[in-house]
Each structure stands twice: as structure tokens, then as C-alpha cells.
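**Q** mmCIF, C-alpha atoms, saved as structure-v7.cif, coming up:
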```cif
data_start
loop_
_atom_site.label_atom_id
_atom_site.label_comp_id
_atom_site.auth_asym_id
_atom_site.auth_seq_id
_atom_site.Cartn_x
_atom_site.Cartn_y
_atom_site.Cartn_z
CA MET A 1 -64.89 -95.61 -102.14
CA THR A 2 -66.52 -95.08 -105.52
CA GLU A 3 -63.32 -96.07 -107.25
CA ASN A 4 -63.79 -99.62 -105.99
CA LEU A 5 -66.53 -99.83 -108.60
CA VAL A 6 -64.36 -98.85 -111.51
CA ASN A 7 -62.23 -100.87 -113.81
CA ARG A 8 -58.95 -101.24 -111.91
CA LYS A 9 -56.69 -101.80 -114.89
CA GLU A 10 -53.11 -101.06 -114.04
CA ALA A 11 -52.06 -97.72 -115.47
CA ARG A 12 -49.94 -98.16 -118.56
CA ILE A 13 -47.92 -95.07 -117.75
CA LYS A 14 -47.21 -93.53 -114.36
CA TYR A 15 -47.07 -89.92 -115.45
CA LEU A 16 -48.67 -88.21 -118.40
CA ASP A 17 -46.35 -86.68 -120.98
CA GLN A 18 -47.77 -83.17 -120.76
CA ASP A 19 -45.75 -81.80 -123.65
CA LYS A 20 -46.89 -84.57 -125.97
CA ILE A 21 -50.52 -84.29 -124.88
CA SER A 22 -50.49 -80.50 -125.31
CA ARG A 23 -49.23 -80.90 -128.87
CA ASP A 24 -52.25 -83.10 -129.63
CA PHE A 25 -54.66 -80.22 -128.93
CA PRO A 26 -54.37 -77.53 -131.64
CA ILE A 27 -56.51 -74.99 -129.76
CA LEU A 28 -54.03 -74.89 -126.88
CA LYS A 29 -51.58 -73.11 -129.18
CA ARG A 30 -53.99 -70.21 -129.45
CA LYS A 31 -53.36 -66.87 -127.77
CA VAL A 32 -56.14 -64.96 -126.04
CA LYS A 33 -55.67 -61.23 -125.43
CA GLY A 34 -52.05 -61.69 -126.44
CA ARG A 35 -51.39 -64.45 -123.91
CA ARG A 36 -51.15 -68.21 -124.22
CA LEU A 37 -54.54 -69.78 -123.61
CA VAL A 38 -54.90 -71.51 -120.25
CA TYR A 39 -58.08 -73.53 -120.64
CA LEU A 40 -59.77 -74.24 -117.31
CA ASP A 41 -63.35 -74.88 -118.41
CA SER A 42 -63.37 -78.60 -119.21
CA ALA A 43 -66.37 -79.26 -116.97
CA ALA A 44 -68.35 -77.23 -119.50
CA THR A 45 -66.75 -78.84 -122.54
CA SER A 46 -63.40 -80.48 -123.14
CA GLN A 47 -61.04 -79.59 -125.93
CA LYS A 48 -60.52 -82.01 -128.83
CA PRO A 49 -57.28 -83.70 -129.85
CA ARG A 50 -56.33 -83.61 -133.51
CA GLN A 51 -57.00 -87.37 -133.70
CA VAL A 52 -60.71 -86.68 -133.10
CA ILE A 53 -60.82 -83.75 -135.50
CA GLN A 54 -59.10 -85.79 -138.24
CA LYS A 55 -61.48 -88.74 -137.92
CA ILE A 56 -64.50 -86.47 -138.29
CA SER A 57 -62.97 -84.78 -141.34
CA GLU A 58 -62.08 -88.16 -142.82
CA TYR A 59 -65.71 -89.27 -142.59
CA TYR A 60 -66.99 -86.23 -144.46
CA GLU A 61 -64.21 -86.40 -147.04
CA ARG A 62 -64.33 -90.15 -147.76
CA TYR A 63 -67.54 -91.98 -146.85
CA ASN A 64 -70.25 -89.52 -145.85
CA ALA A 65 -73.54 -91.44 -146.27
CA ASN A 66 -76.64 -92.43 -144.36
CA PRO A 67 -76.03 -95.72 -142.53
CA HIS A 68 -78.40 -98.72 -142.38
CA ARG A 69 -80.29 -97.59 -145.49
CA GLY A 70 -78.11 -97.97 -148.55
CA ILE A 71 -76.54 -100.89 -150.40
CA HIS A 72 -73.76 -98.83 -151.93
CA THR A 73 -70.16 -98.81 -150.69
CA LEU A 74 -70.29 -95.49 -148.85
CA SER A 75 -73.39 -96.43 -146.90
CA GLY A 76 -71.83 -99.74 -145.95
CA GLU A 77 -68.69 -98.01 -144.69
CA SER A 78 -70.77 -95.45 -142.81
CA THR A 79 -72.81 -98.22 -141.16
CA GLU A 80 -69.68 -100.10 -140.16
CA ALA A 81 -68.11 -96.98 -138.65
CA TYR A 82 -71.27 -95.99 -136.78
CA GLU A 83 -71.91 -99.40 -135.28
CA GLY A 84 -68.20 -99.80 -134.62
CA ALA A 85 -68.37 -96.66 -132.49
CA ARG A 86 -71.16 -98.20 -130.44
CA THR A 87 -69.19 -101.40 -129.89
CA ARG A 88 -66.07 -99.42 -128.98
CA LEU A 89 -67.89 -97.27 -126.42
CA ALA A 90 -69.46 -100.37 -124.91
CA ARG A 91 -66.05 -101.98 -124.51
CA PHE A 92 -64.65 -98.80 -122.96
CA LEU A 93 -67.38 -98.87 -120.30
CA ASN A 94 -67.60 -102.67 -120.00
CA ALA A 95 -71.24 -102.51 -121.06
CA PRO A 96 -73.32 -104.60 -123.49
CA ALA A 97 -73.33 -103.08 -126.99
CA ASN A 98 -77.09 -103.58 -127.32
CA GLY A 99 -77.45 -101.49 -124.18
CA VAL A 100 -75.81 -98.39 -125.72
CA VAL A 101 -78.25 -95.88 -127.19
CA PHE A 102 -76.72 -92.88 -128.93
CA THR A 103 -78.33 -89.55 -128.00
CA LYS A 104 -77.38 -85.97 -128.75
CA ASN A 105 -76.15 -85.34 -125.20
CA CYS A 106 -76.37 -86.46 -121.59
CA THR A 107 -79.52 -84.41 -121.05
CA GLU A 108 -81.37 -86.28 -123.80
CA ALA A 109 -80.22 -89.60 -122.33
CA ILE A 110 -81.78 -88.69 -118.95
CA ASN A 111 -84.94 -87.43 -120.62
CA LEU A 112 -85.19 -90.69 -122.55
CA VAL A 113 -85.48 -92.56 -119.25
CA ALA A 114 -87.88 -89.94 -117.88
CA TYR A 115 -90.24 -90.26 -120.84
CA SER A 116 -89.85 -93.89 -121.88
CA TRP A 117 -89.56 -95.49 -118.44
CA ALA A 118 -90.72 -93.17 -115.63
CA ARG A 119 -93.82 -91.65 -117.23
CA ARG A 120 -95.15 -95.07 -118.22
CA ARG A 121 -94.49 -96.84 -114.92
CA LEU A 122 -94.63 -94.41 -112.03
CA VAL A 123 -97.84 -93.30 -110.37
CA ASP A 124 -99.05 -90.96 -107.67
CA GLY A 125 -97.38 -91.93 -104.39
CA ASP A 126 -94.17 -93.27 -105.92
CA GLU A 127 -90.91 -91.46 -105.13
CA ILE A 128 -87.73 -90.48 -107.01
CA LEU A 129 -84.58 -89.62 -105.07
CA CYS A 130 -82.12 -87.06 -106.45
CA THR A 131 -79.52 -84.88 -104.69
CA VAL A 132 -79.08 -81.20 -103.96
CA MET A 133 -75.81 -81.21 -105.93
CA ASP A 134 -77.37 -82.52 -109.14
CA HIS A 135 -77.14 -80.60 -112.40
CA HIS A 136 -80.45 -79.16 -113.61
CA SER A 137 -80.45 -81.87 -116.30
CA ASN A 138 -80.94 -84.48 -113.57
CA ILE A 139 -83.61 -82.52 -111.73
CA VAL A 140 -85.83 -80.85 -114.33
CA PRO A 141 -86.86 -84.06 -116.18
CA TRP A 142 -87.97 -85.62 -112.89
CA GLN A 143 -89.85 -82.47 -111.89
CA MET A 144 -91.70 -82.71 -115.19
CA VAL A 145 -92.49 -86.37 -114.50
CA ALA A 146 -93.70 -85.44 -111.02
CA ALA A 147 -95.97 -82.71 -112.38
CA ASP A 148 -97.63 -85.17 -114.77
CA THR A 149 -97.84 -88.25 -112.55
CA GLY A 150 -97.97 -87.11 -108.92
CA VAL A 151 -94.61 -88.71 -108.13
CA LYS A 152 -92.84 -87.16 -105.15
CA LEU A 153 -89.25 -85.97 -105.46
CA ARG A 154 -86.88 -86.24 -102.52
CA TYR A 155 -83.29 -84.98 -102.29
CA VAL A 156 -80.13 -86.07 -100.51
CA PRO A 157 -78.72 -82.98 -98.74
CA VAL A 158 -75.15 -81.70 -99.03
CA THR A 159 -72.75 -81.15 -96.14
CA ASP A 160 -70.68 -78.02 -95.50
CA GLU A 161 -67.67 -79.95 -96.84
CA GLY A 162 -69.41 -80.53 -100.17
CA ASP A 163 -70.26 -84.20 -99.72
CA LEU A 164 -73.63 -85.93 -99.87
CA ASP A 165 -75.09 -86.33 -96.40
CA LEU A 166 -75.99 -90.02 -96.32
CA SER A 167 -76.62 -90.11 -92.57
CA LYS A 168 -80.39 -90.35 -93.12
CA LEU A 169 -80.33 -92.42 -96.29
CA ASP A 170 -82.57 -95.04 -94.68
CA GLU A 171 -85.24 -92.38 -94.30
CA LEU A 172 -84.82 -91.05 -97.83
CA VAL A 173 -84.90 -94.43 -99.58
CA THR A 174 -88.19 -96.07 -98.66
CA GLY A 175 -90.58 -98.71 -99.90
CA LYS A 176 -92.07 -95.98 -102.12
CA THR A 177 -88.77 -95.22 -103.88
CA ARG A 178 -88.84 -96.36 -107.50
CA LEU A 179 -85.78 -94.57 -108.88
CA VAL A 180 -82.56 -93.16 -107.45
CA ALA A 181 -81.20 -90.65 -110.00
CA VAL A 182 -77.89 -89.14 -108.92
CA THR A 183 -74.79 -87.50 -110.30
CA GLY A 184 -71.61 -89.56 -110.42
CA ALA A 185 -69.51 -86.45 -109.82
CA SER A 186 -70.52 -82.86 -109.18
CA ASN A 187 -69.96 -80.36 -111.97
CA VAL A 188 -69.55 -77.66 -109.31
CA LEU A 189 -67.81 -79.15 -106.28
CA GLY A 190 -65.81 -81.86 -108.03
CA THR A 191 -67.17 -84.32 -105.44
CA ILE A 192 -67.16 -87.95 -106.56
CA THR A 193 -70.40 -89.47 -105.29
CA GLN A 194 -70.44 -92.44 -102.95
CA LEU A 195 -72.38 -94.55 -105.42
CA GLU A 196 -71.99 -97.84 -103.57
CA SER A 197 -74.14 -96.73 -100.64
CA LEU A 198 -76.79 -95.21 -102.87
CA ILE A 199 -76.99 -98.23 -105.16
CA GLU A 200 -77.07 -100.64 -102.23
CA SER A 201 -79.94 -98.72 -100.63
CA ALA A 202 -81.86 -98.64 -103.91
CA ARG A 203 -81.42 -102.37 -104.41
CA ALA A 204 -82.71 -103.07 -100.91
CA VAL A 205 -86.13 -101.61 -101.84
CA GLY A 206 -86.21 -102.75 -105.47
CA ALA A 207 -85.60 -99.29 -106.94
CA LEU A 208 -83.69 -98.67 -110.16
CA VAL A 209 -80.61 -96.43 -110.34
CA LEU A 210 -79.67 -93.82 -112.93
CA VAL A 211 -76.20 -92.27 -112.77
CA ASP A 212 -75.54 -88.95 -114.48
CA GLY A 213 -72.02 -89.73 -115.66
CA ALA A 214 -71.28 -86.49 -117.49
CA GLN A 215 -68.58 -85.49 -114.99
CA LEU A 216 -67.59 -89.03 -113.94
CA VAL A 217 -66.84 -90.94 -117.13
CA PRO A 218 -64.23 -88.45 -118.46
CA HIS A 219 -62.21 -88.60 -115.23
CA VAL A 220 -62.60 -92.02 -113.62
CA PRO A 221 -62.29 -95.48 -115.23
CA VAL A 222 -65.92 -96.64 -115.11
CA ASP A 223 -67.06 -100.26 -115.30
CA PHE A 224 -70.81 -100.27 -115.94
CA LYS A 225 -71.35 -103.89 -115.02
CA ALA A 226 -69.37 -103.61 -111.79
CA MET A 227 -71.06 -100.32 -110.90
CA GLY A 228 -74.41 -102.05 -110.66
CA ALA A 229 -76.51 -99.15 -111.96
CA ASP A 230 -79.42 -99.65 -114.35
CA PHE A 231 -78.84 -96.53 -116.43
CA LEU A 232 -75.74 -94.43 -117.10
CA ALA A 233 -75.95 -91.17 -119.05
CA ILE A 234 -72.81 -89.75 -120.66
CA ALA A 235 -71.80 -86.67 -122.66
CA GLY A 236 -69.30 -87.11 -125.50
CA HIS A 237 -68.12 -83.50 -125.56
CA LYS A 238 -66.89 -83.68 -121.96
CA MET A 239 -64.60 -86.65 -122.75
CA LEU A 240 -62.69 -85.19 -125.74
CA GLY A 241 -65.43 -86.07 -128.23
CA PRO A 242 -67.49 -83.69 -130.38
CA THR A 243 -70.60 -81.86 -129.31
CA GLY A 244 -73.93 -83.31 -130.41
CA ILE A 245 -73.46 -86.82 -129.09
CA GLY A 246 -74.04 -88.60 -125.81
CA ALA A 247 -75.30 -92.01 -124.84
CA LEU A 248 -77.66 -93.81 -122.54
CA VAL A 249 -76.09 -97.03 -121.32
CA ALA A 250 -78.68 -99.39 -119.88
CA ARG A 251 -79.40 -102.96 -118.99
CA PRO A 252 -80.73 -104.38 -122.30
CA GLU A 253 -83.73 -106.02 -120.66
CA LEU A 254 -84.92 -102.60 -119.51
CA LEU A 255 -84.63 -101.21 -123.02
CA GLU A 256 -86.67 -104.14 -124.28
CA GLU A 257 -89.54 -103.14 -121.98
CA MET A 258 -89.39 -99.41 -122.74
CA GLU A 259 -91.27 -97.65 -125.52
CA PRO A 260 -89.41 -95.27 -127.88
CA PHE A 261 -88.88 -91.66 -126.92
CA LEU A 262 -88.96 -90.46 -130.56
CA GLY A 263 -90.79 -91.84 -133.58
CA GLY A 264 -89.73 -91.79 -137.22
CA GLY A 265 -87.58 -93.54 -139.76
CA GLY A 266 -84.91 -96.04 -138.89
CA MET A 267 -86.64 -97.55 -135.85
CA ILE A 268 -89.45 -99.38 -137.66
CA LEU A 269 -89.80 -103.14 -138.06
CA ASP A 270 -93.14 -102.80 -139.84
CA LEU A 271 -95.60 -100.00 -140.39
CA THR A 272 -99.17 -99.86 -141.65
CA LEU A 273 -101.61 -96.99 -141.69
CA GLU A 274 -103.04 -98.41 -138.51
CA GLY A 275 -99.86 -98.78 -136.45
CA SER A 276 -96.15 -99.55 -136.16
CA LYS A 277 -93.85 -102.20 -134.78
CA TRP A 278 -90.39 -101.29 -133.51
CA ILE A 279 -87.09 -102.96 -134.23
CA GLU A 280 -85.06 -104.19 -131.28
CA PRO A 281 -83.05 -101.88 -129.03
CA PRO A 282 -80.90 -99.91 -129.15
CA TRP A 283 -82.05 -98.90 -132.64
CA LYS A 284 -85.70 -98.43 -131.67
CA PHE A 285 -84.55 -95.38 -129.68
CA GLU A 286 -82.57 -93.82 -132.55
CA ALA A 287 -85.24 -92.47 -134.89
CA GLY A 288 -84.12 -90.43 -137.88
CA THR A 289 -80.70 -89.95 -139.42
CA PRO A 290 -78.22 -90.87 -136.69
CA VAL A 291 -75.29 -88.81 -135.44
CA VAL A 292 -72.73 -90.60 -137.62
CA ALA A 293 -69.86 -88.10 -137.69
CA GLU A 294 -70.28 -87.42 -134.00
CA ALA A 295 -70.21 -91.14 -133.14
CA ILE A 296 -67.04 -91.55 -135.17
CA GLY A 297 -65.52 -88.61 -133.33
CA LEU A 298 -66.53 -90.10 -129.99
CA ARG A 299 -64.91 -93.40 -130.93
CA ALA A 300 -61.68 -91.55 -131.71
CA ALA A 301 -61.91 -89.83 -128.31
CA VAL A 302 -62.36 -93.17 -126.56
CA ASP A 303 -59.38 -94.57 -128.46
CA TYR A 304 -57.33 -91.58 -127.30
CA LEU A 305 -58.37 -91.94 -123.66
CA ASP A 306 -57.73 -95.68 -123.73
CA GLU A 307 -54.30 -95.19 -125.28
CA ILE A 308 -53.27 -92.96 -122.39
CA GLY A 309 -55.13 -95.06 -119.84
CA MET A 310 -57.99 -93.89 -117.66
CA GLU A 311 -56.18 -94.91 -114.49
CA ALA A 312 -53.23 -92.75 -115.54
CA ILE A 313 -55.60 -89.85 -116.18
CA ARG A 314 -57.15 -90.36 -112.76
CA GLN A 315 -53.75 -90.37 -111.07
CA HIS A 316 -52.80 -87.20 -112.93
CA GLU A 317 -55.94 -85.45 -111.70
CA LYS A 318 -55.31 -86.55 -108.12
CA LYS A 319 -51.90 -84.95 -108.40
CA LEU A 320 -53.48 -81.72 -109.68
CA VAL A 321 -56.05 -81.76 -106.87
CA ASN A 322 -53.33 -82.22 -104.25
CA TYR A 323 -51.29 -79.40 -105.68
CA ALA A 324 -54.25 -77.04 -106.11
CA LEU A 325 -55.61 -77.58 -102.60
CA ARG A 326 -52.18 -76.90 -101.14
CA GLU A 327 -51.82 -73.66 -103.12
CA PHE A 328 -55.39 -72.51 -102.45
CA ALA A 329 -54.79 -72.88 -98.71
CA LYS A 330 -52.20 -70.10 -98.92
CA ILE A 331 -54.63 -67.53 -100.36
CA GLU A 332 -56.25 -65.06 -97.98
CA ASP A 333 -60.00 -64.42 -98.09
CA PHE A 334 -60.54 -67.24 -100.58
CA HIS A 335 -63.67 -69.39 -100.40
CA LEU A 336 -63.39 -72.88 -101.91
CA TYR A 337 -66.58 -74.92 -102.04
CA GLY A 338 -66.05 -78.65 -101.57
CA GLU A 339 -62.74 -79.99 -100.33
CA LEU A 340 -62.79 -83.75 -99.79
CA GLY A 341 -59.23 -84.49 -100.90
CA PRO A 342 -57.94 -86.17 -104.08
CA GLU A 343 -59.58 -89.58 -103.52
CA ARG A 344 -63.07 -88.05 -103.70
CA HIS A 345 -62.42 -85.09 -105.98
CA THR A 346 -62.12 -84.47 -109.68
CA ALA A 347 -59.93 -81.54 -110.68
CA THR A 348 -62.89 -79.14 -110.62
CA PHE A 349 -62.72 -76.20 -108.23
CA SER A 350 -65.49 -73.68 -107.52
CA PHE A 351 -64.62 -70.63 -105.46
CA ASN A 352 -65.28 -67.02 -104.62
CA ILE A 353 -62.79 -64.28 -103.85
CA GLY A 354 -63.50 -62.00 -100.88
CA ASP A 355 -63.72 -58.26 -101.34
CA SER A 356 -62.74 -55.45 -98.95
CA ARG A 357 -66.31 -55.11 -97.57
CA GLY A 358 -66.72 -58.66 -96.36
CA GLY A 359 -68.58 -59.78 -99.47
CA ILE A 360 -67.27 -61.38 -102.65
CA ILE A 361 -66.03 -60.10 -105.98
CA HIS A 362 -68.75 -60.99 -108.47
CA PRO A 363 -67.75 -64.15 -110.34
CA HIS A 364 -68.64 -62.59 -113.69
CA ASP A 365 -66.15 -59.82 -112.98
CA VAL A 366 -63.59 -62.44 -111.99
CA GLY A 367 -64.19 -64.41 -115.18
CA THR A 368 -63.90 -61.30 -117.35
CA TYR A 369 -60.67 -60.25 -115.64
CA PHE A 370 -59.23 -63.77 -115.96
CA ASP A 371 -60.02 -63.70 -119.68
CA SER A 372 -57.86 -60.59 -120.01
CA LEU A 373 -55.02 -62.72 -118.63
CA GLY A 374 -55.67 -65.57 -121.08
CA LEU A 375 -57.43 -67.85 -118.59
CA ALA A 376 -60.75 -69.45 -119.55
CA ILE A 377 -62.90 -70.26 -116.51
CA ARG A 378 -66.64 -70.44 -115.87
CA ALA A 379 -68.73 -68.02 -113.82
CA GLY A 380 -72.36 -68.36 -112.79
CA HIS A 381 -74.67 -70.85 -111.12
CA HIS A 382 -73.40 -73.73 -113.31
CA CYS A 383 -76.92 -75.13 -113.84
CA ALA A 384 -76.97 -75.99 -110.13
CA LYS A 385 -79.17 -73.35 -108.49
CA PRO A 386 -80.25 -75.54 -105.55
CA LEU A 387 -76.58 -76.05 -104.71
CA MET A 388 -75.93 -72.30 -104.91
CA ARG A 389 -78.74 -71.74 -102.41
CA ARG A 390 -77.30 -74.45 -100.18
CA PHE A 391 -74.06 -72.45 -99.93
CA LYS A 392 -75.91 -69.13 -99.71
CA VAL A 393 -74.42 -67.64 -102.86
CA VAL A 394 -75.85 -66.62 -106.22
CA SER A 395 -72.89 -67.76 -108.26
CA MET A 396 -69.35 -69.07 -108.14
CA SER A 397 -66.21 -68.98 -110.25
CA ARG A 398 -65.17 -72.41 -111.48
CA ALA A 399 -61.84 -73.68 -112.78
CA SER A 400 -61.97 -77.22 -114.13
CA CYS A 401 -58.96 -79.20 -115.34
CA TYR A 402 -58.41 -82.22 -117.53
CA LEU A 403 -55.57 -84.35 -118.79
CA TYR A 404 -54.03 -81.48 -120.81
CA ASN A 405 -53.66 -79.26 -117.74
CA SER A 406 -50.55 -79.15 -115.58
CA GLU A 407 -49.36 -77.75 -112.27
CA SER A 408 -48.13 -74.69 -114.14
CA ASP A 409 -51.76 -73.99 -115.11
CA ILE A 410 -52.67 -74.13 -111.42
CA ASP A 411 -49.86 -71.64 -110.75
CA LYS A 412 -51.32 -69.29 -113.37
CA LEU A 413 -54.75 -69.68 -111.79
CA VAL A 414 -53.43 -68.83 -108.33
CA ASP A 415 -51.52 -65.85 -109.71
CA ALA A 416 -54.68 -64.64 -111.46
CA ILE A 417 -56.64 -64.91 -108.18
CA HIS A 418 -54.07 -62.72 -106.43
CA LYS A 419 -54.12 -60.20 -109.29
CA ALA A 420 -57.92 -60.11 -109.40
CA ARG A 421 -58.18 -59.43 -105.68
CA LYS A 422 -55.69 -56.60 -105.94
CA PHE A 423 -57.35 -55.20 -109.07
CA PHE A 424 -60.84 -55.13 -107.57
CA THR A 425 -60.06 -54.36 -103.91
CA GLY A 426 -56.67 -52.69 -103.98
CA VAL A 427 -55.47 -55.18 -101.33
#
```
Show me, as C-alpha cells, the structure contained in the file I just sent.
**A**
Amino acid sequence: MTENLVNRKEARIKYLDQDKISRDFPILKRKVKGRRLVYLDSAATSQKPRQVIQKISEYYERYNANPHRGIHTLSGESTEAYEGARTRLARFLNAPANGVVFTKNCTEAINLVAYSWARRRLVDGDEILCTVMDHHSNIVPWQMVAADTGVKLRYVPVTDEGDLDLSKLDELVTGKTRLVAVTGASNVLGTITQLESLIESARAVGALVLVDGAQLVPHVPVDFKAMGADFLAIAGHKMLGPTGIGALVARPELLEEMEPFLGGGGMILDLTLEGSKWIEPPWKFEAGTPVVAEAIGLRAAVDYLDEIGMEAIRQHEKKLVNYALREFAKIEDFHLYGELGPERHTATFSFNIGDSRGGIIHPHDVGTYFDSLGLAIRAGHHCAKPLMRRFKVVSMSRASCYLYNSESDIDKLVDAIHKARKFFTGV
């Protein structure tokens, strides 16, 4: 199981204090259309606890300054806070601090590898392996590399149950494979990827591994060193942090060999009119004014997650998955995509509701109706069009939970499904 690769710290609490956690999130007090907000769109972006909001405000109110450049007090404090955030994130993931490059999001982290590593090393005839369940952010950059270099892209298929079909992995990972770039957890199906098998196969042929951790790191206690991947991309805003920050976590020796993705100030060791020399990683990949406030906010988010305990969060989500699957099974003409059980599932559920003509109620209609009831869900293709085609649909409705959701939120979701079906079909 993938969870054998994660940090198995004993949970500090058995059950989350839902009342206390809810009080930490100011937005959850809001009413939408006269009803208490039920936020079920965390796979798109998570809400922020007041601890994160306060730390960002504190930075702007007390020591807003450009780090690394000034000798005055504010710049020194800004530098300390920014680099402290890097060290804190590294400790959270059990990764080397000089292997943590701050980016603006997970997408940029993947593109950094595509431009700085793949484009400079891969040639016509080489292969990259992705999966049919990957987010567009982990397909498009490799398609662009393929268009420029002649690299061939191959994809691991998806089963009817919503799992990766690894039965022919030996045929997909070959002597030509140079990179295996896969999602750690699906943003649509909630499936937690069997990373061990993929990483083992990549290692057997000398290929590197990139894990898109946008949907994994917020929900599962990840240990980068134990995982055995070469690159891990993360998104701060999906793990209680602010928007505008992500990170590429990498083996430092790989960063040493890679050229910068962006050029500008802050990443220069020396510069003449004839050329430039870069400073050491990770800073050679962080040209320009860095994302200081965002890094500070991400550190506060990591502190919050660590205080609760990632294993406790994982156990809470398993409980939600168990409860949701049991309740969904009672609904007539309800199509759930991906159902592997709590051990292989984050609390993300994509579905369609049948209509009276044998089709489905359009997910956009479902999402709009749910909004009238105070429920925030997602509707669309979820930046996963190949996966939509795999299941022969154009779009799906998606409800995604996090640590601030409870079984009562699942009850409201189920009630809204029943109401939507009656509203649109009269049944």
C-alpha cells in the first residue's frame, strides 16, 4: 500500500475535535443563500485557518521587506522568516532543505522539471510514462516536451473501479523510459496511487520519478526520503496555505545538474555583459522577488497540520470515506466514479445523478442547485479530460472533503442529491 511509504508517526489524537477545527476557519461561519456554508470543494482549494491568515497579516504589518538583499532589520527578519518556511516545509516532508524550491504553484513545479531537466536531457526515442488519471498539469508540460524533442508519451490505463491498471506495467516501463511522472492521488476519483510499484519499475530501468503531490500531501503523511521519488510537486493552497505558492522537492544532486527555469535577480553569483554564473540551488531557481508572505502563510499551514497530526487527519478522512460510501450505496440511479475503499481513497467523490430518460442531470445544473442549498461543490471535467473520456462522460460533479468536514456534511450532501434528483426529474 502507498501508505507504507509515508511517515508512520503515531497519531497524537484519535479523533479530530470538529467543533474546535471549525472555529479556526472564519469562512465556515458564512451563510450562502441564507444557509450555513457546507464547503465541499477542497480538491480545488482548501480553506484557511485564522492562524494562517494572521501570520500573513503580521508579515505585512510588521516586517514587510525584500529578503536576501537588505542589511536593515526588516530585511533580516523577512529573510529569516522566508528561509525558515523552507526549512519547516522540508522537515514536514522529511526532505533536504536545499532540495526545496519555492514556486507559485504545483503546475510551475512540474514545468520547472519539464524545462530545466527534460528538455535538456531527453531526445527523440526516449519515453515518458504518465497516467490516464493525471491532471492536465501533469500531462500538458510533457506533451510540450514531446513536441519539441520527439519524446514519446505513454499512459497507464485506468480500470472500471478507478484504479491504475498495472497489469502491463512491464510493457509500459521499458529501457527507453526516462521519466515516470504520475499523480500521487487523483483529483477526480480520490484514488491513492500505488506508488511503490511504479517507483520500483522506474528504478529497474534507471528512470527518474516525479510525483504530482497536489492531492496527496494535504491528506496523507508523506515522507519524501522513504517514498524514493526524485521529484515531488506540491500546492500550498490545497493544504491550508495561501494561493500563489507551491514547491518542487527534489534530490539536491539533481538540482545541481539542472539549469534555471527563470533568469533574473536573486539567482546570480556573478554577472558580466558576456554571461552569468548561478548561485547554488535552491536559490538559482527562485529568480526575482520571492513569494515571502505566501511562504510564511504556508509555514503556518504546515504548523497547523502538524499540530493536529497528519495521521489523525488521514484517519478522519478514512472515516468520512467509509461513511460516504455506505450512504451513497443507498441512493438510486447514482453513479460514483472510483470506489476502492478507505485505504486507497481520499475523501474526494466524483459522481453523476441519473435522470428520468436514462441519461444524467448535467453537473453544472447540479452544482448550481447545490449552491442554492448552501453547498459548494465542483462541476466540470476537473482538468482531467482524458479521464472523462475513459468513463464516457463529458463532466462530473465532485464533492471533496478535508479535515474541517464531518459526517453531518456528508448527510447534507446526500440530502442535496435526493433533492436535486426530485427537482430535475420529479422522481
**Q** Please write as number ranges by chain the list of polymer residues whose atoms come within 12 Å of (-56.7, -56.9, -98.9), counting only C-alpha atoms and keeping to the coordinates of the file.
**A** A: 331-334, 353-358, 418-427
**Q** Which polymer residues have any atom within 10 Å of an atom of A:Glu294, counting only C-alpha atoms, with same-chain residues fewer than 6 positions away left out, as a PDB file with C-alpha atoms, in the coordinates of the input?
**A**
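Listing of selection02.pdb after writing:
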```pdb
ATOM      1  CA  VAL A  52     -60.710 -86.680-133.100  1.00  0.00           C
ATOM      2  CA  LYS A  55     -61.480 -88.740-137.920  1.00  0.00           C
ATOM      3  CA  ILE A  56     -64.500 -86.470-138.290  1.00  0.00           C
ATOM      4  CA  TYR A  59     -65.710 -89.270-142.590  1.00  0.00           C
ATOM      5  CA  TYR A  82     -71.270 -95.990-136.780  1.00  0.00           C
ATOM      6  CA  ALA A  85     -68.370 -96.660-132.490  1.00  0.00           C
ATOM      7  CA  PHE A 102     -76.720 -92.880-128.930  1.00  0.00           C
ATOM      8  CA  LYS A 104     -77.380 -85.970-128.750  1.00  0.00           C
ATOM      9  CA  GLY A 236     -69.300 -87.110-125.500  1.00  0.00           C
ATOM     10  CA  HIS A 237     -68.120 -83.500-125.560  1.00  0.00           C
ATOM     11  CA  GLY A 241     -65.430 -86.070-128.230  1.00  0.00           C
ATOM     12  CA  PRO A 242     -67.490 -83.690-130.380  1.00  0.00           C
ATOM     13  CA  THR A 243     -70.600 -81.860-129.310  1.00  0.00           C
ATOM     14  CA  GLY A 244     -73.930 -83.310-130.410  1.00  0.00           C
ATOM     15  CA  ILE A 245     -73.460 -86.820-129.090  1.00  0.00           C
ATOM     16  CA  GLY A 246     -74.040 -88.600-125.810  1.00  0.00           C
ATOM     17  CA  ALA A 300     -61.680 -91.550-131.710  1.00  0.00           C
TER      18      ALA A 300
END
```
**Q** Quick one: apply the PyMOL selection byres ((chain A and resi 262) around 7) to the file and drop the selected residues here as a PyMOL selection string.
**A** chain A and resi 260-261+263-264+285+287
**Q** Tell me which of A:Gly374, A:Pro157, A:Gly213, A:Gly297 sits closest to A:Ser137, counting only C-alpha atoms.
**A** A:Gly213
**Q** Apply the PyMOL selection byres ((chain A and resi 183-194) around 8) to the file shown and report the selected residues as number ranges by chain.
**A** A: 1-2, 43, 131, 133-135, 138, 162-164, 181-182, 195-198, 211-216, 337-340, 344-350, 382, 384, 398
**Q** Quick one: which residues end up in the PyMOL selection byres ((chain A and resi 411) around 12) for this structure, as a PyMOL selection string?
**A** chain A and resi 38+320+323-328+375+405-410+412-418
**Q** How many Å lie between atom CA of A:Val145 and atom CA of A:Ala233, rounded to one decimal?
**A**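 According to the coordinates, atom CA of A:Val145 and atom CA of A:Ala233 are separated by 17.8 Å.
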**Q** How many Å separate atom CA of A:His68 from atom CA of A:Arg251?
**A**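 One can read the atom CA of A:His68 to atom CA of A:Arg251 distance as 23.8 Å.
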**Q** Separation of atom CA of A:Val366 and atom CA of A:Ile313, in Å?
**A** 28.9 Å
**Q** Counting all atoms listed in the file, figure out which residue out of A:Leu240, A:Met144, A:Val205, A:Val222 gets nearest to A:Phe25.
**A** A:Leu240
**Q** Show which residues sit within 12 Å of A:Arg35, as an MDAnalysis selection string. Count all atoms listed in the file, and ignore same-chain residues fewer than 5 positions away.
**A** chainID A and resid 28:30 370:376 412
**Q** Kindly indicate which residue among A:Val101, A:Glu317, A:Asp126, A:Gly359 lies nearest to A:Gly341, using all atoms listed in the file for the distances.
**A**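 Smallest distance to A:Gly341 is found for A:Glu317.
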**Q** Considering only C-alpha atoms, return as a short mmCIF file (atom, residue, chain, number, x, y, z; two decimals) with C-alpha atoms, in the frame of the given file whatever protein or nucleic-acid residues lie within 8 Å of A:Leu93, sequence-local ones (same chain, fewer than 6 positions apart) excluded.
**A**
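Writing the result to part-v7.cif gives the following:
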```cif
data_model
loop_
_atom_site.label_atom_id
_atom_site.label_comp_id
_atom_site.auth_asym_id
_atom_site.auth_seq_id
_atom_site.Cartn_x
_atom_site.Cartn_y
_atom_site.Cartn_z
CA PRO A 221 -62.29 -95.48 -115.23
CA VAL A 222 -65.92 -96.64 -115.11
CA ASP A 223 -67.06 -100.26 -115.30
CA PHE A 224 -70.81 -100.27 -115.94
#
```
**Q** Using all atoms listed in the file, find all polymer residues with an atom at most 10 Å away from the point (-87.2, -84.0, -115.7); report them as number ranges by chain.
**A** A: 107, 110-115, 118, 136-147
